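Asker: Following this line is my_file-v6.cif, made up of mmCIF, C-alpha atoms:
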data_start
loop_
_atom_site.label_atom_id
_atom_site.label_comp_id
_atom_site.auth_asym_id
_atom_site.auth_seq_id
_atom_site.Cartn_x
_atom_site.Cartn_y
_atom_site.Cartn_z
CA MET A 8 -169.48 137.17 37.14
CA ALA A 9 -166.46 136.95 34.86
CA ASP A 10 -168.56 137.98 31.85
CA LYS A 11 -169.15 141.35 33.54
CA ARG A 12 -165.41 141.84 34.02
CA GLU A 13 -165.94 142.38 37.75
CA TYR A 14 -162.49 140.89 38.39
CA ARG A 15 -161.01 144.11 37.01
CA GLY A 16 -161.85 145.73 40.32
CA VAL A 17 -158.86 143.95 41.90
CA MET A 18 -156.39 144.87 39.15
CA GLU A 19 -154.24 147.57 40.77
CA PRO A 20 -150.73 147.50 39.25
CA GLU A 21 -148.56 149.91 41.21
CA GLY A 22 -147.46 153.03 39.36
CA LEU A 23 -149.63 152.45 36.29
CA ILE A 24 -152.76 154.19 35.02
CA CYS A 25 -155.54 151.81 33.91
CA TYR A 26 -158.43 152.42 31.52
CA ARG A 27 -160.96 150.47 29.47
CA VAL A 28 -160.89 150.39 25.67
CA ALA A 29 -163.76 148.58 23.92
CA ILE A 30 -164.63 148.18 20.24
CA GLY A 31 -167.16 145.57 19.12
CA GLU A 32 -166.50 142.26 20.86
CA SER A 33 -163.09 143.43 22.08
CA ASP A 34 -163.17 144.76 25.64
CA LEU A 35 -159.68 145.59 26.88
CA TYR A 36 -158.39 146.78 30.24
CA VAL A 37 -155.11 148.58 29.62
CA CYS A 38 -152.50 149.74 32.14
CA THR A 39 -149.59 151.97 31.13
CA GLU A 40 -147.13 154.54 32.48
CA GLY A 41 -149.32 157.50 31.68
CA GLU A 42 -152.67 157.70 29.93
CA PHE A 43 -152.58 156.44 26.34
CA GLU A 44 -156.24 155.59 25.81
CA SER A 45 -156.41 157.18 22.37
CA ARG A 46 -153.29 155.28 21.26
CA ALA A 47 -154.73 152.02 22.57
CA ARG A 48 -158.05 152.64 20.81
CA GLU A 49 -156.27 153.45 17.57
CA SER A 50 -154.24 150.23 17.83
CA LEU A 51 -157.28 148.10 18.66
CA ALA A 52 -159.24 149.53 15.73
CA LYS A 53 -156.34 148.82 13.37
CA ARG A 54 -155.82 145.23 14.52
CA ARG A 55 -159.54 144.44 14.40
CA ARG A 56 -159.77 145.91 10.90
CA GLU A 57 -156.82 143.82 9.71
CA LEU A 58 -158.34 140.65 11.12
CA GLU A 59 -161.88 141.34 9.88
CA GLU A 60 -160.68 142.12 6.36
CA TYR A 61 -158.70 138.87 6.27
CA LEU A 62 -161.67 136.87 7.57
CA GLY A 63 -163.81 138.49 4.90
CA ARG A 64 -161.50 137.03 2.25
CA HIS A 65 -160.85 133.70 4.03
CA SER A 66 -163.95 132.79 6.03
CA GLY A 67 -162.70 129.28 6.82
CA PHE A 68 -159.95 130.76 8.98
CA GLY A 69 -162.55 131.97 11.45
CA LEU A 70 -164.65 128.81 11.48
CA SER A 71 -162.15 125.97 11.70
CA PHE A 72 -161.47 124.01 14.88
CA LYS A 73 -158.23 122.75 13.33
CA PRO A 74 -155.11 124.70 12.29
CA ILE A 75 -155.26 126.61 9.00
CA PRO A 76 -152.15 128.31 7.56
CA ALA A 77 -152.13 132.02 6.82
CA VAL A 78 -152.04 132.74 3.09
CA GLY A 79 -151.31 135.61 0.77
CA ASP A 80 -150.82 139.02 2.33
CA ALA A 81 -151.99 137.99 5.78
CA PRO A 82 -151.38 140.64 8.46
CA ASP A 83 -149.06 139.89 11.37
CA ILE A 84 -151.92 139.15 13.78
CA VAL A 85 -153.25 136.44 11.45
CA VAL A 86 -149.79 134.95 10.92
CA GLU A 87 -149.25 134.68 14.69
CA MET A 88 -152.68 133.12 15.23
CA ALA A 89 -151.99 130.56 12.51
CA ARG A 90 -148.61 129.65 13.96
CA ALA A 91 -149.94 129.30 17.50
CA SER A 92 -152.87 127.15 16.37
CA ALA A 93 -150.48 124.85 14.48
CA VAL A 94 -148.28 124.35 17.56
CA PHE A 95 -151.19 123.33 19.78
CA ASP A 96 -153.53 121.78 17.18
CA VAL A 97 -156.51 124.09 17.71
CA GLY A 98 -158.44 126.42 15.44
CA PRO A 99 -156.87 129.86 14.83
CA MET A 100 -159.69 131.69 16.62
CA ALA A 101 -158.72 129.88 19.84
CA ALA A 102 -155.88 132.40 19.97
CA VAL A 103 -157.76 135.55 18.93
CA ALA A 104 -158.21 137.19 22.35
CA GLY A 105 -154.56 136.70 23.22
CA ALA A 106 -153.49 137.89 19.77
CA ILE A 107 -155.49 141.11 20.16
CA ALA A 108 -153.98 141.75 23.60
CA GLN A 109 -150.51 140.97 22.26
CA SER A 110 -150.80 143.26 19.23
CA VAL A 111 -152.18 146.22 21.18
CA GLY A 112 -149.61 145.70 23.93
CA ARG A 113 -146.71 145.69 21.50
CA ASP A 114 -147.99 148.89 19.89
CA LEU A 115 -148.17 150.60 23.29
CA LEU A 116 -144.57 149.67 24.14
CA ARG A 117 -143.56 152.56 21.88
CA PHE A 118 -145.03 154.94 24.46
CA SER A 119 -144.74 153.13 27.80
CA ARG A 120 -142.01 150.87 29.18
CA GLN A 121 -144.54 148.97 31.28
CA VAL A 122 -147.71 147.71 29.61
CA ILE A 123 -150.52 145.38 30.69
CA VAL A 124 -153.39 144.54 28.33
CA GLU A 125 -156.14 142.24 29.62
CA ASN A 126 -158.71 140.87 27.20
CA GLY A 127 -161.29 138.67 28.90
CA GLY A 128 -158.79 136.80 31.07
CA ASP A 129 -156.03 136.79 28.45
CA VAL A 130 -153.16 139.08 29.43
CA PHE A 131 -150.11 140.63 27.76
CA MET A 132 -147.55 141.95 30.27
CA ALA A 133 -144.30 143.80 29.61
CA GLY A 134 -141.78 145.81 31.58
CA GLY A 135 -139.53 143.39 33.43
CA SER A 136 -141.50 143.44 36.67
CA GLU A 137 -142.79 140.83 39.11
CA ARG A 138 -146.58 140.71 38.90
CA ARG A 139 -149.20 139.01 41.02
CA VAL A 140 -151.87 137.56 38.75
CA ARG A 141 -155.17 136.18 39.99
CA VAL A 142 -156.76 133.14 38.31
CA PHE A 143 -160.54 133.03 38.77
CA ALA A 144 -162.05 129.55 38.75
CA GLY A 145 -165.74 130.37 39.16
CA GLU A 146 -168.17 131.04 41.96
CA GLY A 147 -167.48 129.02 45.07
CA ALA A 148 -163.93 128.18 44.02
CA PRO A 149 -161.07 130.06 45.71
CA ALA A 150 -159.16 132.41 43.44
CA VAL A 151 -155.53 131.41 42.93
CA ASP A 152 -152.81 134.07 42.95
CA VAL A 153 -149.56 133.36 41.13
CA LYS A 154 -146.33 135.32 40.82
CA VAL A 155 -145.15 136.04 37.28
CA VAL A 156 -141.97 137.86 36.25
CA ASP A 157 -142.55 139.42 32.86
CA THR A 158 -139.93 140.56 30.35
CA PRO A 159 -139.14 143.97 28.80
CA GLU A 160 -140.58 142.83 25.46
CA GLY A 161 -143.57 141.12 27.07
CA LEU A 162 -145.09 137.70 27.54
CA GLY A 163 -148.57 136.22 27.79
CA PHE A 164 -150.64 134.70 30.59
CA CYS A 165 -153.95 133.38 29.29
CA THR A 166 -156.83 131.42 30.79
CA SER A 167 -159.42 129.02 29.41
CA SER A 168 -162.40 127.71 31.37
CA ALA A 169 -165.28 125.36 30.78
CA THR A 170 -167.27 126.86 33.67
CA VAL A 171 -166.46 130.59 33.64
CA GLY A 172 -167.01 133.10 30.85
CA PRO A 173 -167.86 132.69 27.15
CA SER A 174 -164.86 130.58 26.07
CA VAL A 175 -165.57 127.43 24.08
CA SER A 176 -163.97 124.48 25.86
CA LEU A 177 -164.32 120.76 25.18
CA GLY A 178 -163.08 119.90 28.66
CA ALA A 179 -164.37 120.39 32.19
CA ALA A 180 -161.65 122.46 33.86
CA ASP A 181 -162.62 125.39 36.05
CA ALA A 182 -159.47 127.14 34.83
CA VAL A 183 -156.37 126.37 32.79
CA ALA A 184 -153.90 129.25 32.69
CA VAL A 185 -150.72 129.21 30.63
CA LEU A 186 -147.61 131.39 30.71
CA ALA A 187 -145.88 131.68 27.31
CA PRO A 188 -143.52 134.02 25.42
CA THR A 189 -146.52 135.60 23.67
CA ALA A 190 -150.17 135.99 24.59
CA THR A 191 -151.10 134.44 21.25
CA LEU A 192 -149.27 131.21 22.12
CA ALA A 193 -150.59 131.29 25.69
CA ASP A 194 -154.18 131.62 24.50
CA ALA A 195 -153.91 128.74 22.03
CA ALA A 196 -152.21 126.57 24.66
CA ALA A 197 -154.79 127.34 27.35
CA SER A 198 -157.54 126.33 24.93
CA ALA A 199 -155.75 123.14 23.92
CA PHE A 200 -154.97 121.94 27.43
CA GLY A 201 -158.33 123.07 28.72
CA ASN A 202 -159.89 120.68 26.23
CA MET A 203 -157.93 117.81 27.79
CA VAL A 204 -159.09 118.17 31.39
CA HIS A 205 -162.26 116.21 32.14
CA SER A 206 -161.67 115.36 35.81
CA PRO A 207 -159.28 116.25 38.65
CA GLU A 208 -157.55 112.91 38.15
CA GLU A 209 -156.28 114.11 34.75
CA ILE A 210 -154.48 117.19 36.07
CA GLY A 211 -151.12 115.45 36.47
CA GLU A 212 -151.25 113.97 32.97
CA VAL A 213 -152.09 117.36 31.45
CA LEU A 214 -149.22 119.06 33.31
CA ALA A 215 -146.83 116.40 32.06
CA ARG A 216 -147.97 116.88 28.46
CA ALA A 217 -147.66 120.65 28.76
CA SER A 218 -144.07 120.29 30.00
CA GLU A 219 -143.14 118.76 26.63
CA PHE A 220 -143.71 122.06 24.82
CA SER A 221 -140.82 124.54 24.78
CA GLU A 222 -143.37 127.28 24.07
CA ILE A 223 -144.95 126.82 27.51
CA LEU A 224 -143.18 128.54 30.39
CA GLY A 225 -145.70 127.53 33.05
CA ILE A 226 -149.22 126.20 33.53
CA ILE A 227 -151.82 126.02 36.30
CA VAL A 228 -154.86 123.73 36.17
CA VAL A 229 -157.86 124.04 38.49
CA ALA A 230 -160.56 121.34 38.32
CA GLY A 231 -163.03 119.90 40.80
CA GLY A 232 -161.39 121.53 43.81
CA SER A 233 -157.87 120.35 42.91
CA THR A 234 -155.01 122.51 41.63
CA GLY A 235 -151.81 121.59 39.80
CA VAL A 236 -148.90 123.84 38.81
CA TRP A 237 -145.86 123.31 36.58
CA GLY A 238 -143.03 125.53 35.36
CA GLY A 239 -142.26 129.17 35.97
CA LEU A 240 -145.28 129.93 38.12
CA GLU A 241 -145.25 130.32 41.89
CA ILE A 242 -148.38 130.32 44.01
CA ALA A 243 -148.41 133.70 45.76
#
Before anything else, please render the file you have as structure tokens.

Answerer:
Amino acid sequence: MADKREYRGVMEPEGLICYRVAIGESDLYVCTEGEFESRARESLAKRRRELEEYLGRHSGFGLSFKPIPAVGDAPDIVVEMARASAVFDVGPMAAVAGAIAQSVGRDLLRFSRQVIVENGGDVFMAGGSERRVRVFAGEGAPAVDVKVVDTPEGLGFCTSSATVGPSVSLGAADAVAVLAPTATLADAAASAFGNMVHSPEEIGEVLARASEFSEILGIIVVAGGSTGVWGGLEIA
């Protein structure tokens, strides 16, 4: 279900116009104050080109499951992915969906004060508004709504799952969603902590470990019918 992006049918941010922008593997749902589809498409094409050209010169960056530093004239999106992967000890591509959402969202802030960019469950939000965000944990599991207050410059709320969607996870969580200052950091963190959850009994331990990172503003873990929340997230 999540692979088909059916969850987008419940995304109705008040006062914003939403539209889909897709290039290659990137399938974004963008919401802005006014219609800026051409701007979003231009930004997505640019960021994908930057990343693909770098991967063409440094193939190991796209294959590693461990952190790899950015080298040479790496574009900003690569530098952010490398930094996020180093913080949470995952491969740089664990942060790619969040990094794409983050980069496109920042570009669109030049045209719209409020911006939401969703990329396969990884979300960049900006505008200084309270948002209600739904975390999907698979068929049969109740969706969890959380309240998030974003910032004018934006923050990230990203989800990793071992049971929903195409994400690669070494754990067994139905959903691990992380709130962080950037979507790049949130994506890397969701992947890292998703890898740690193998049973509902581990939820408390994972929340405690997440609380040790200053880069994490909040986290929700759903596994085996149990849910745990820590930090700046409120169940709606």

Asker: Up to 9 Å from (-157.2, 125.5, 41.3) in the file's coordinates: name the residues, counting all atoms listed in the file, as a list in words.

Answerer: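 In the file's frame, the residues around the point are Val142, Phe143, Ala144, Ala148, Pro149, Ala150, Val151, Asp181, Ala182, Val183, Ile227, Val228, Val229, Ala230, Gly231, Gly232, Ser233, Thr234, Gly235 and Val236 of chain A.
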
Asker: Go ahead and save the picked residues with C-alpha atoms, as a compact mmCIF listing (two decimals), in the coordinates of the input.

Answerer:
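Written file, result-v7.txt:
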# COMPACT_ATOMS: atom_id res chain seq x y z
CA VAL A 142 -156.76 133.14 38.31
CA PHE A 143 -160.54 133.03 38.77
CA ALA A 144 -162.05 129.55 38.75
CA ALA A 148 -163.93 128.18 44.02
CA PRO A 149 -161.07 130.06 45.71
CA ALA A 150 -159.16 132.41 43.44
CA VAL A 151 -155.53 131.41 42.93
CA ASP A 181 -162.62 125.39 36.05
CA ALA A 182 -159.47 127.14 34.83
CA VAL A 183 -156.37 126.37 32.79
CA ILE A 227 -151.82 126.02 36.30
CA VAL A 228 -154.86 123.73 36.17
CA VAL A 229 -157.86 124.04 38.49
CA ALA A 230 -160.56 121.34 38.32
CA GLY A 231 -163.03 119.90 40.80
CA GLY A 232 -161.39 121.53 43.81
CA SER A 233 -157.87 120.35 42.91
CA THR A 234 -155.01 122.51 41.63
CA GLY A 235 -151.81 121.59 39.80
CA VAL A 236 -148.90 123.84 38.81

Asker: So what does the PyMOL selection byres ((chain A and resi 119) around 10) actually pick up in this one, as a list in words?

Answerer: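 Evaluating the PyMOL selection byres ((chain A and resi 119) around 10) on these coordinates yields Leu23, Cys38, Thr39, Glu40, Gly41, Glu42, Phe43, Gly112, Arg113, Asp114, Leu115, Leu116, Arg117, Phe118, Arg120, Gln121, Val122, Ala133 and Gly134 of chain A.
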
Asker: Counting all atoms listed in the file, figure out which residue out of A:Ala190, A:Ile223, A:Ala101, A:Val124 gets nearest to A:Tyr26.

Answerer: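 Answer, going by the shortest atom-to-atom distance: A:Val124.
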
Asker: Which of these residues is nearest to A:Ala106, using all atoms listed in the file: A:Thr191, A:Ser136, A:Ser71, A:Thr158?

Answerer: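 For A:Ala106, the nearest of the candidates is A:Thr191.
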
Asker: Provide the atom CA of A:Val140 to atom CA of A:Ser45 distance in Å, to one decimal place.

Answerer: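 Computing it gives 26.0 Å between the two atoms.
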
Asker: Could you tell me which residues the PyMOL selection byres ((chain A and resi 192-203) around 7) grabs in this file, written as a list in words?

Answerer: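 Going through the file, the PyMOL selection byres ((chain A and resi 192-203) around 7) ends up selecting Ala91, Ser92, Phe95, Val97, Ala101, Ala102, Gly105, Asp129, Gly163, Phe164, Cys165, Thr166, Ser167, Ser168, Ser176, Leu177, Gly178, Ala180, Val183, Ala184, Val185, Leu186, Ala187, Thr189, Ala190, Thr191, Val204, His205 and Val213 of chain A.
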
Asker: Please, what distance in Å, to one decimal, runs between atom CA of A:Glu160 and atom CA of A:Ser110?

Answerer: 12.0 Å

Asker: Which is closer to A:Val103 than all the others in A:Glu137, A:Glu87, A:Glu44, A:Glu208, using only C-alpha atoms?

Answerer: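 Of A:Glu137, A:Glu87, A:Glu44, A:Glu208, the one nearest A:Val103 is A:Glu87, counting only C-alpha atoms.
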
Asker: Neighbourhood query: residues within 10 Å of (-159.2, 141.0, 28.5), file coordinates, counting only C-alpha atoms; return as a ChimeraX atom specification.

Answerer: /A:12,15,27-29,33-37,104-105,107-108,123-131,165

Asker: What does the distance between atom CA of A:Ser50 and atom CA of A:Glu21 come to in Å, to one decimal place?

Answerer: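 These two atoms are separated by 24.1 Å.
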
Asker: Could you expand the PyMOL selection byres ((chain A and resi 57) around 12) into the explicit residues it covers here, written as an MDAnalysis selection string?

Answerer: chainID A and resid 50:56 58:64 80:86 107 110

Asker: Using only C-alpha atoms, can you tell me which of A:Met88, A:Ala93, A:Leu240, A:Ile30 comes closest to A:Pro74?

Answerer: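 So, comparing all the options, the nearest one is A:Ala93.
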
Asker: So which one's closest to A:Ser221, A:Leu70, A:Val94, A:Cys25, A:Val78? Using only C-alpha atoms, please.

Answerer: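 Ranked by minimum distance to A:Ser221, first place goes to A:Val94.
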
Asker: Determine the nearest neighbour of A:Gly67 from the options A:Gly79, A:Asp152, A:Arg90, A:Gly98, counting only C-alpha atoms.

Answerer: A:Gly98
